[in-house]
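Chemist: So I've got this file, model.txt, and it contains compact mmCIF, C-alpha atoms:
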# COMPACT_ATOMS: atom_id res chain seq x y z
CA MET B 330 -29.33 -27.22 33.07
CA GLN B 331 -27.81 -24.57 35.32
CA TYR B 332 -26.83 -21.61 33.15
CA LYS B 333 -23.82 -19.50 34.07
CA GLY B 334 -24.89 -16.13 35.40
CA GLU B 335 -22.90 -13.01 36.19
CA ASN B 336 -21.70 -12.78 39.77
CA GLY B 337 -21.84 -9.40 41.45
CA PHE B 338 -24.03 -7.71 38.84
CA ARG B 339 -25.24 -4.22 39.77
CA HIS B 340 -27.69 -2.02 37.86
CA ASN B 341 -25.24 0.87 37.98
CA GLN B 342 -22.45 -1.23 36.50
CA THR B 343 -20.61 0.38 33.61
CA GLU B 344 -21.18 -1.18 30.19
CA LYS B 345 -18.38 -1.68 27.71
CA LEU B 346 -17.74 -2.73 24.13
CA GLY B 347 -15.38 -5.67 23.74
CA VAL B 348 -12.93 -6.85 21.08
CA LEU B 349 -11.64 -10.39 21.43
CA VAL B 350 -8.65 -11.38 19.30
CA THR B 351 -8.05 -15.12 19.02
CA ASN B 352 -5.31 -17.36 17.71
CA LEU B 353 -4.75 -21.10 17.43
CA GLY B 354 -2.96 -21.79 20.71
CA THR B 355 0.18 -23.10 22.30
CA PRO B 356 1.26 -25.56 24.98
CA ASP B 357 1.99 -24.14 28.44
CA ALA B 358 5.58 -25.41 28.35
CA PRO B 359 7.95 -27.21 25.94
CA THR B 360 7.50 -30.52 27.77
CA ALA B 361 5.92 -33.82 26.86
CA PRO B 362 3.13 -33.58 29.50
CA ALA B 363 2.21 -30.05 28.36
CA LEU B 364 2.25 -31.14 24.71
CA ARG B 365 0.09 -34.14 25.53
CA ARG B 366 -2.57 -31.88 27.05
CA TYR B 367 -2.38 -29.40 24.19
CA LEU B 368 -2.37 -31.95 21.37
CA GLY B 369 -5.12 -33.90 23.11
CA GLU B 370 -7.36 -30.83 22.95
CA PHE B 371 -6.29 -29.75 19.47
CA LEU B 372 -6.45 -33.10 17.71
CA ALA B 373 -9.71 -34.10 19.40
CA ASP B 374 -11.48 -31.23 17.63
CA PRO B 375 -13.71 -32.78 14.90
CA ARG B 376 -13.19 -29.61 12.83
CA VAL B 377 -9.44 -30.35 12.72
CA VAL B 378 -9.59 -34.09 12.03
CA GLU B 379 -12.67 -35.21 10.11
CA VAL B 380 -12.51 -38.91 10.90
CA PRO B 381 -15.23 -41.07 12.55
CA ARG B 382 -14.95 -40.27 16.26
CA LEU B 383 -14.50 -43.75 17.71
CA LEU B 384 -11.84 -44.71 15.18
CA TRP B 385 -10.02 -41.42 15.70
CA TRP B 386 -10.23 -41.70 19.51
CA LEU B 387 -8.46 -45.05 19.34
CA ILE B 388 -5.76 -43.71 17.01
CA LEU B 389 -5.30 -40.49 18.98
CA HIS B 390 -5.06 -42.04 22.43
CA GLY B 391 -3.61 -45.36 21.41
CA VAL B 392 -0.85 -44.11 19.12
CA ILE B 393 -0.44 -40.37 18.54
CA LEU B 394 -0.52 -39.09 22.12
CA ARG B 395 1.93 -41.81 23.12
CA ILE B 396 4.51 -40.80 20.51
CA ARG B 397 4.07 -37.25 19.26
CA PRO B 398 4.22 -35.20 22.52
CA SER B 399 7.90 -35.96 23.18
CA ARG B 400 8.82 -35.21 19.55
CA SER B 401 6.85 -31.96 19.55
CA ALA B 402 8.36 -30.96 22.89
CA LYS B 403 11.84 -31.13 21.37
CA ALA B 404 10.74 -28.90 18.50
CA TYR B 405 9.09 -26.38 20.84
CA SER B 406 12.18 -26.27 23.05
CA LYS B 407 14.12 -24.91 20.06
CA VAL B 408 11.86 -21.87 19.68
CA TRP B 409 10.75 -21.29 23.28
CA GLU B 410 11.53 -17.82 24.58
CA GLN B 411 11.98 -16.46 28.09
CA GLN B 412 8.44 -15.02 27.98
CA GLY B 413 6.97 -18.30 26.67
CA SER B 414 6.05 -19.53 23.22
CA PRO B 415 6.55 -17.09 20.33
CA LEU B 416 2.88 -17.36 19.31
CA LEU B 417 1.72 -16.36 22.79
CA THR B 418 4.19 -13.48 22.99
CA HIS B 419 3.35 -12.06 19.56
CA THR B 420 -0.41 -12.40 20.07
CA ALA B 421 -0.17 -10.63 23.44
CA ASN B 422 1.87 -7.84 21.82
CA GLN B 423 -0.64 -7.49 18.98
CA CYS B 424 -3.47 -7.27 21.49
CA GLU B 425 -1.68 -4.59 23.48
CA GLU B 426 -0.97 -2.46 20.41
CA ILE B 427 -4.58 -2.79 19.22
CA ARG B 428 -5.74 -1.78 22.69
CA LYS B 429 -3.53 1.32 22.69
CA SER B 430 -4.80 2.39 19.29
CA LEU B 431 -8.49 1.89 20.11
CA HIS B 432 -8.18 3.54 23.54
CA ALA B 433 -6.54 6.57 21.94
CA LYS B 434 -9.50 6.92 19.55
CA TYR B 435 -12.48 5.79 21.64
CA GLY B 436 -11.49 5.93 25.30
CA GLN B 437 -11.28 3.33 28.04
CA ASN B 438 -14.78 1.85 27.64
CA ILE B 439 -13.64 -0.42 24.81
CA VAL B 440 -12.01 -3.59 26.15
CA VAL B 441 -9.48 -5.53 24.07
CA ALA B 442 -8.42 -9.05 25.06
CA PHE B 443 -6.99 -12.16 23.44
CA ALA B 444 -7.65 -15.88 23.82
CA MET B 445 -6.45 -19.14 22.32
CA ARG B 446 -8.66 -21.72 20.68
CA TYR B 447 -6.61 -24.45 22.34
CA GLY B 448 -4.60 -24.02 25.53
CA ASN B 449 -4.37 -20.84 27.58
CA PRO B 450 -5.73 -18.24 27.96
CA SER B 451 -8.86 -20.18 27.04
CA ILE B 452 -11.83 -18.64 25.28
CA THR B 453 -14.12 -19.42 28.22
CA SER B 454 -11.82 -17.83 30.81
CA VAL B 455 -11.48 -14.65 28.76
CA LEU B 456 -15.23 -14.46 28.09
CA ASP B 457 -15.76 -14.71 31.86
CA GLU B 458 -13.43 -11.77 32.36
CA LEU B 459 -15.06 -9.70 29.62
CA GLN B 460 -18.51 -10.32 31.05
CA SER B 461 -17.33 -9.34 34.53
CA GLN B 462 -16.12 -6.04 33.07
CA GLY B 463 -19.57 -5.29 31.68
CA VAL B 464 -18.99 -6.10 28.00
CA ARG B 465 -22.40 -6.09 26.33
CA GLN B 466 -21.27 -5.88 22.69
CA LEU B 467 -18.54 -8.24 21.52
CA LEU B 468 -16.57 -8.41 18.27
CA VAL B 469 -14.41 -11.51 17.78
CA LEU B 470 -11.48 -11.40 15.37
CA PRO B 471 -9.70 -14.74 14.78
CA LEU B 472 -6.27 -14.02 13.33
CA TYR B 473 -6.81 -16.32 10.35
CA PRO B 474 -6.84 -14.24 7.16
CA GLN B 475 -7.96 -17.19 5.05
CA TYR B 476 -11.12 -19.04 6.14
CA SER B 477 -11.07 -22.74 6.90
CA ALA B 478 -13.53 -24.88 8.79
CA SER B 479 -10.55 -26.16 10.79
CA THR B 480 -9.63 -22.68 12.05
CA SER B 481 -12.27 -19.94 11.77
CA ALA B 482 -15.25 -22.28 12.10
CA SER B 483 -13.62 -24.14 14.99
CA THR B 484 -13.26 -20.83 16.83
CA PHE B 485 -16.93 -20.09 16.22
CA ASP B 486 -17.80 -23.54 17.56
CA ALA B 487 -15.92 -22.82 20.79
CA LEU B 488 -17.72 -19.50 21.21
CA ALA B 489 -21.12 -21.01 20.48
CA SER B 490 -20.49 -23.84 22.93
CA ASP B 491 -19.59 -21.33 25.63
CA PHE B 492 -22.54 -19.05 24.85
CA ALA B 493 -24.91 -22.04 25.08
CA LYS B 494 -24.04 -22.26 28.78
CA ARG B 495 -24.48 -18.55 29.60
CA ARG B 496 -27.61 -16.84 30.86
CA TRP B 497 -26.74 -13.41 29.45
CA LEU B 498 -25.33 -13.15 25.93
CA PRO B 499 -23.66 -10.08 24.42
CA ASP B 500 -24.54 -8.59 21.06
CA PHE B 501 -22.12 -10.54 18.89
CA ARG B 502 -20.16 -10.09 15.65
CA PHE B 503 -17.59 -12.46 14.17
CA VAL B 504 -14.93 -11.79 11.50
CA SER B 505 -14.67 -15.07 9.62
CA HIS B 506 -11.90 -14.11 7.18
CA TYR B 507 -10.07 -11.26 5.44
CA PRO B 508 -7.94 -12.78 2.64
CA ASP B 509 -8.36 -9.85 0.25
CA TYR B 510 -8.67 -6.98 2.74
CA PRO B 511 -6.68 -4.13 1.12
CA PRO B 512 -4.93 -2.89 4.32
CA TYR B 513 -3.82 -6.48 5.04
CA ILE B 514 -2.43 -6.87 1.51
CA GLU B 515 -0.71 -3.49 1.79
CA ALA B 516 0.77 -4.31 5.20
CA MET B 517 2.31 -7.50 3.83
CA ALA B 518 3.62 -5.78 0.71
CA ARG B 519 5.31 -3.00 2.66
CA HIS B 520 6.70 -5.52 5.15
CA ILE B 521 8.26 -7.57 2.35
CA GLU B 522 9.57 -4.48 0.55
CA ASP B 523 11.18 -3.26 3.78
CA TYR B 524 12.82 -6.64 4.22
CA TRP B 525 14.12 -6.64 0.66
CA SER B 526 15.42 -3.11 1.10
CA ASN B 527 17.45 -4.17 4.14
CA ASN B 528 18.44 -7.72 3.15
CA GLY B 529 18.35 -7.92 -0.62
CA ARG B 530 15.91 -9.79 -2.85
CA HIS B 531 16.34 -13.32 -4.17
CA GLU B 532 15.18 -15.03 -7.36
CA LYS B 533 11.81 -16.34 -6.23
CA LEU B 534 9.33 -15.57 -3.45
CA ILE B 535 7.71 -18.64 -1.88
CA LEU B 536 4.36 -17.93 -0.21
CA SER B 537 3.83 -20.83 2.17
CA TYR B 538 0.48 -21.46 3.86
CA HIS B 539 -0.53 -24.06 6.43
CA GLY B 540 -1.91 -27.08 4.62
CA VAL B 541 -5.19 -28.95 5.09
CA PRO B 542 -6.28 -32.35 3.74
CA LEU B 543 -7.30 -32.26 0.09
CA LYS B 544 -10.69 -33.75 0.99
CA TYR B 545 -11.58 -30.50 2.80
CA LEU B 546 -11.31 -28.69 -0.54
CA THR B 547 -13.40 -31.27 -2.37
CA ARG B 548 -16.05 -31.00 0.37
CA GLY B 549 -16.37 -27.26 -0.20
CA ASP B 550 -13.87 -25.58 2.14
CA PRO B 551 -12.79 -22.27 0.49
CA TYR B 552 -9.35 -22.18 2.14
CA HIS B 553 -7.35 -23.23 -0.94
CA CYS B 554 -9.00 -20.59 -3.12
CA GLU B 555 -8.57 -17.85 -0.53
CA CYS B 556 -4.85 -18.64 -0.15
CA HIS B 557 -4.35 -18.31 -3.90
CA LYS B 558 -6.35 -15.08 -3.95
CA THR B 559 -4.14 -13.60 -1.22
CA SER B 560 -1.03 -14.66 -3.13
CA ARG B 561 -2.29 -13.17 -6.39
CA LEU B 562 -3.20 -9.83 -4.81
CA LEU B 563 0.10 -9.65 -2.92
CA ALA B 564 2.11 -10.51 -6.04
CA GLU B 565 0.24 -7.88 -8.06
CA ARG B 566 0.94 -5.28 -5.38
CA LEU B 567 4.64 -6.26 -5.38
CA GLY B 568 4.79 -6.19 -9.18
CA LEU B 569 5.81 -9.85 -9.47
CA THR B 570 5.39 -11.93 -12.59
CA LYS B 571 4.00 -15.47 -12.36
CA ASP B 572 7.46 -17.03 -12.51
CA GLN B 573 8.74 -14.86 -9.64
CA TYR B 574 6.54 -16.35 -6.92
CA MET B 575 4.88 -19.62 -5.89
CA THR B 576 2.11 -20.64 -3.51
CA THR B 577 2.86 -23.76 -1.46
CA PHE B 578 1.41 -25.59 1.55
CA GLN B 579 3.27 -26.80 4.63
CA SER B 580 2.74 -28.75 7.87
CA ARG B 581 0.95 -31.80 6.50
CA PHE B 582 0.24 -34.63 8.92
CA GLY B 583 -0.62 -38.27 8.33
CA ARG B 584 -0.66 -40.33 5.15
CA GLU B 585 -3.57 -38.86 3.18
CA GLU B 586 -3.12 -36.30 0.41
CA TRP B 587 -3.06 -32.64 1.46
CA LEU B 588 -3.14 -29.43 -0.57
CA GLN B 589 -0.26 -29.25 -3.02
CA PRO B 590 2.37 -28.25 -3.94
CA TYR B 591 4.00 -29.18 -0.64
CA THR B 592 6.46 -26.60 0.67
CA ASP B 593 9.16 -29.11 1.64
CA LYS B 594 9.03 -31.03 -1.66
CA THR B 595 9.05 -27.76 -3.59
CA LEU B 596 12.14 -26.45 -1.82
CA GLN B 597 13.92 -29.75 -2.40
CA SER B 598 13.20 -29.56 -6.13
CA LEU B 599 13.88 -25.89 -6.88
CA PRO B 600 17.71 -26.05 -7.06
CA GLU B 601 17.63 -28.71 -9.79
CA GLN B 602 15.26 -26.41 -11.68
CA GLY B 603 17.89 -23.69 -11.62
CA VAL B 604 16.54 -21.64 -8.69
CA ALA B 605 19.48 -21.02 -6.36
CA SER B 606 18.08 -18.32 -4.07
CA ILE B 607 14.66 -17.85 -2.50
CA ASP B 608 12.74 -15.76 -0.01
CA VAL B 609 9.95 -17.42 1.99
CA PHE B 610 7.00 -15.60 3.57
CA CYS B 611 3.92 -17.11 5.26
CA PRO B 612 0.86 -14.89 4.58
CA GLY B 613 -1.54 -17.07 6.59
CA PHE B 614 0.42 -16.81 9.83
CA SER B 615 -0.29 -13.56 11.68
CA SER B 616 2.43 -14.40 14.22
CA ASP B 617 5.69 -16.28 14.10
CA CYS B 618 5.37 -19.67 15.76
CA LEU B 619 6.70 -23.22 15.62
CA GLU B 620 5.53 -23.64 12.02
CA THR B 621 7.40 -20.60 10.77
CA ILE B 622 10.49 -20.52 12.99
CA GLU B 623 11.34 -24.22 13.28
CA GLU B 624 9.60 -25.72 10.27
CA ILE B 625 10.32 -23.02 7.67
CA ASP B 626 13.43 -21.19 8.86
CA GLU B 627 15.23 -24.31 10.09
CA GLU B 628 13.88 -27.55 8.64
CA ASN B 629 12.91 -26.28 5.19
CA ARG B 630 15.99 -24.08 4.98
CA ASP B 631 18.05 -27.24 5.44
CA TYR B 632 16.08 -29.04 2.72
CA PHE B 633 16.73 -26.25 0.23
CA MET B 634 20.41 -25.85 1.01
CA ALA B 635 21.04 -29.62 1.04
CA ALA B 636 19.44 -29.83 -2.41
CA GLY B 637 21.95 -27.32 -3.78
CA GLY B 638 20.39 -23.98 -2.94
CA LYS B 639 22.78 -21.07 -2.38
CA ALA B 640 20.73 -18.51 -0.43
CA PHE B 641 17.59 -18.74 1.70
CA ASN B 642 15.84 -15.90 3.54
CA TYR B 643 12.83 -16.30 5.76
CA ILE B 644 10.81 -13.07 5.95
CA PRO B 645 9.27 -12.88 9.45
CA ALA B 646 5.52 -12.81 9.96
CA LEU B 647 3.79 -9.46 10.41
CA ASN B 648 3.62 -9.94 14.19
CA ALA B 649 3.03 -6.60 15.97
CA THR B 650 4.59 -4.41 13.27
CA PRO B 651 2.92 -0.99 12.89
CA GLY B 652 1.54 -1.77 9.45
CA HIS B 653 -0.10 -4.96 10.68
CA ILE B 654 -1.61 -3.24 13.71
CA GLU B 655 -2.98 -0.48 11.49
CA ALA B 656 -4.59 -3.08 9.22
CA LEU B 657 -6.14 -4.99 12.12
CA VAL B 658 -7.44 -1.82 13.76
CA SER B 659 -8.97 -0.75 10.44
CA LEU B 660 -10.62 -4.17 10.09
CA ILE B 661 -11.97 -3.94 13.65
CA GLU B 662 -13.32 -0.43 13.10
CA GLU B 663 -15.14 -1.46 9.93
CA ASN B 664 -16.79 -4.34 11.77
CA LEU B 665 -17.77 -2.13 14.73
CA GLN B 666 -19.78 0.24 12.55
CA GLY B 667 -23.21 0.88 14.01
CA TRP B 668 -22.10 0.15 17.55
CA THR B 669 -21.33 3.01 19.93
CA VAL B 670 -18.76 2.83 22.70
CA PRO B 671 -20.79 3.36 25.94
CA SER B 672 -20.27 6.75 27.59
CA ASN B 673 -21.21 5.48 31.08
CA ASP B 674 -22.41 8.85 32.32
CA PRO B 675 -22.50 8.63 36.16
CA GLU B 676 -25.88 10.35 36.35
CA ILE B 677 -27.40 7.89 33.87
CA LEU B 678 -25.98 4.92 35.78
CA ALA B 679 -27.28 6.29 39.08
CA ALA B 680 -30.74 6.87 37.61
CA ARG B 681 -30.78 3.33 36.24
CA ALA B 682 -29.95 1.94 39.68
CA GLU B 683 -32.68 4.03 41.29
CA ARG B 684 -35.27 2.79 38.80
CA ALA B 685 -34.26 -0.80 39.43
CA LYS B 686 -34.43 -0.26 43.19
CA SER B 687 -37.90 1.22 42.91
CA LEU B 688 -39.01 -1.93 41.13
CA GLY B 689 -37.71 -4.13 43.92
CA SER B 690 -34.11 -4.84 42.92
CA GLU B 691 -31.60 -5.03 45.77
CA VAL B 692 -28.57 -4.15 43.60
Any chance you could give the structure as structure tokens?

Modeler:
Amino acid sequence: MQYKGENGFRHNQTEKLGVLVTNLGTPDAPTAPALRRYLGEFLADPRVVEVPRLLWWLILHGVILRIRPSRSAKAYSKVWEQQGSPLLTHTANQCEEIRKSLHAKYGQNIVVAFAMRYGNPSITSVLDELQSQGVRQLLVLPLYPQYSASTSASTFDALASDFAKRRWLPDFRFVSHYPDYPPYIEAMARHIEDYWSNNGRHEKLILSYHGVPLKYLTRGDPYHCECHKTSRLLAERLGLTKDQYMTTFQSRFGREEWLQPYTDKTLQSLPEQGVASIDVFCPGFSSDCLETIEEIDEENRDYFMAAGGKAFNYIPALNATPGHIEALVSLIEENLQGWTVPSNDPEILAARAERAKSLGSEV
């Protein structure tokens, strides 16, 4: 096997510490061909769909990728912005704000970048760029507060697969989850309180998380428990009683049973239970995206109102709000402990190059 080396390496090259923020991904455009490429990559991941590979390949390529891309393209076209998909825009903004904060504290020799697990910018392309900049210590932060094999572990798989092809590996740390991280809980609580202060508060707060098949829970995935832990801590911080909030799960796909209660079924049933007004927040989504904007604030709003609801407010995701950035920077700093941002003293770099040259190196 030919391992990937580093082109243009020099012994006096500056060394840097890297932070890579990752998110799920997005198609390149709200079109059927772009969705076919994106969904083909996403749904082919065995971490996402745990079905025997041959059977799933036939279903995916024989049915799903023939039908779903055009439907998904219509949904994406509703939320697409001038700069691109909301998820891409918000993740880029988060990365930029994290970069500003870390540069202000530690200088320019800490590199902050972002990549998508599926789609662009790809993890491999960004790792290439980080390596070319001299990153020798790398912290990876997937923006999934609650761990699931289908998200956090899938990101680790992509990194491991890439590293297996490289000749020179960085020192490596990976943040697998942060469902109970106090600054994250506080950032959400303040965000919700600010929203209530400006828009009023309704009868019940619905905390909606992305769903996964129930079998993942029975096979040992901790996602369900971590979602409920986040909800409990957030509700305690907000001073809510048990009847003032609910945890639900959205975005199910296929015919098998997923985590319940389902968000859409819950919103359809609440009015007949006497709940006429609700607020909805999605603690597991670090950025607003198709699942929050179109699925929650449009589709599920319609379900609730059609069932007799009187008032529905969607509380936006944390996105690049100051409180969220502060929480993420704090999380990054805690996980960087023990590593030192390289100083790259010119005299030290020159001496290193001279030593290498004396031993026969040409660069």

Chemist: For a quick check of understanding, using only C-alpha atoms, which of B:Leu498, B:Ile388, B:Leu543, B:Val408 has the smallest distance to Asp626 of chain B?

Modeler: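 Closest candidate: B:Val408.
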
Chemist: Could you jot down the atom CA of Pro511 of chain B to atom CA of Ala433 of chain B separation for me, Å, one decimal place?

Modeler: 23.4 Å

Chemist: Find the residue from B:Asp374, B:Glu555, B:Glu335, B:Glu532 that sits nearest to Pro612 of chain B; use all atoms listed in the file when measuring.

Modeler: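 Under the stated criterion, the closest residue is B:Glu555.
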
Chemist: Any idea what's packed within 9 Å of segment 426-432 of chain B, counting all atoms listed in the file, ignoring anything in its chain fewer than 5 positions away? Could you give it as a list in words?

Modeler: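 Residues meeting the cut-off are Val348, Ala421, Gln437, Asn438, Ile439, Val440, Val441, Ala442, Ala649, Pro651, Ile654, Glu655, Leu657, Val658 and Glu662 of chain B.
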
Chemist: For each of B:Thr418, B:Thr577, B:Gln331, B:Ser479, take the minimum atom-to-atom distance to Arg496 of chain B, counting all atoms listed in the file, then give the residue where this is smallest.

Modeler: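 When distances to Arg496 of chain B are compared using all atoms listed in the file, the smallest one comes from B:Gln331.
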
Chemist: Considering only C-alpha atoms, can you say which of B:Leu599, B:Val378, B:Val604, B:Ile514 comes closest to Ser560 of chain B?

Modeler: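 Of B:Leu599, B:Val378, B:Val604, B:Ile514, the one nearest Ser560 of chain B is B:Ile514, counting only C-alpha atoms.
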
Chemist: I'd like the contact shell of Tyr591 of chain B - 9 Å cut-off, all atoms listed in the file, skipping same-chain residues fewer than 3 positions apart - returned as JSON, numbers by chain.

Modeler: {"B": [537, 540, 577, 578, 579, 580, 581, 587, 588, 594, 595, 596]}

Chemist: So that I can check the surroundings of Ser505 of chain B, please list as a ChimeraX atom specification every protein, DNA and RNA residue that reaches within 9 Å of it, counting all atoms listed in the file and ignoring chain neighbours fewer than 5 positions away.

Modeler: /B:469-471,473-477,481-482,485
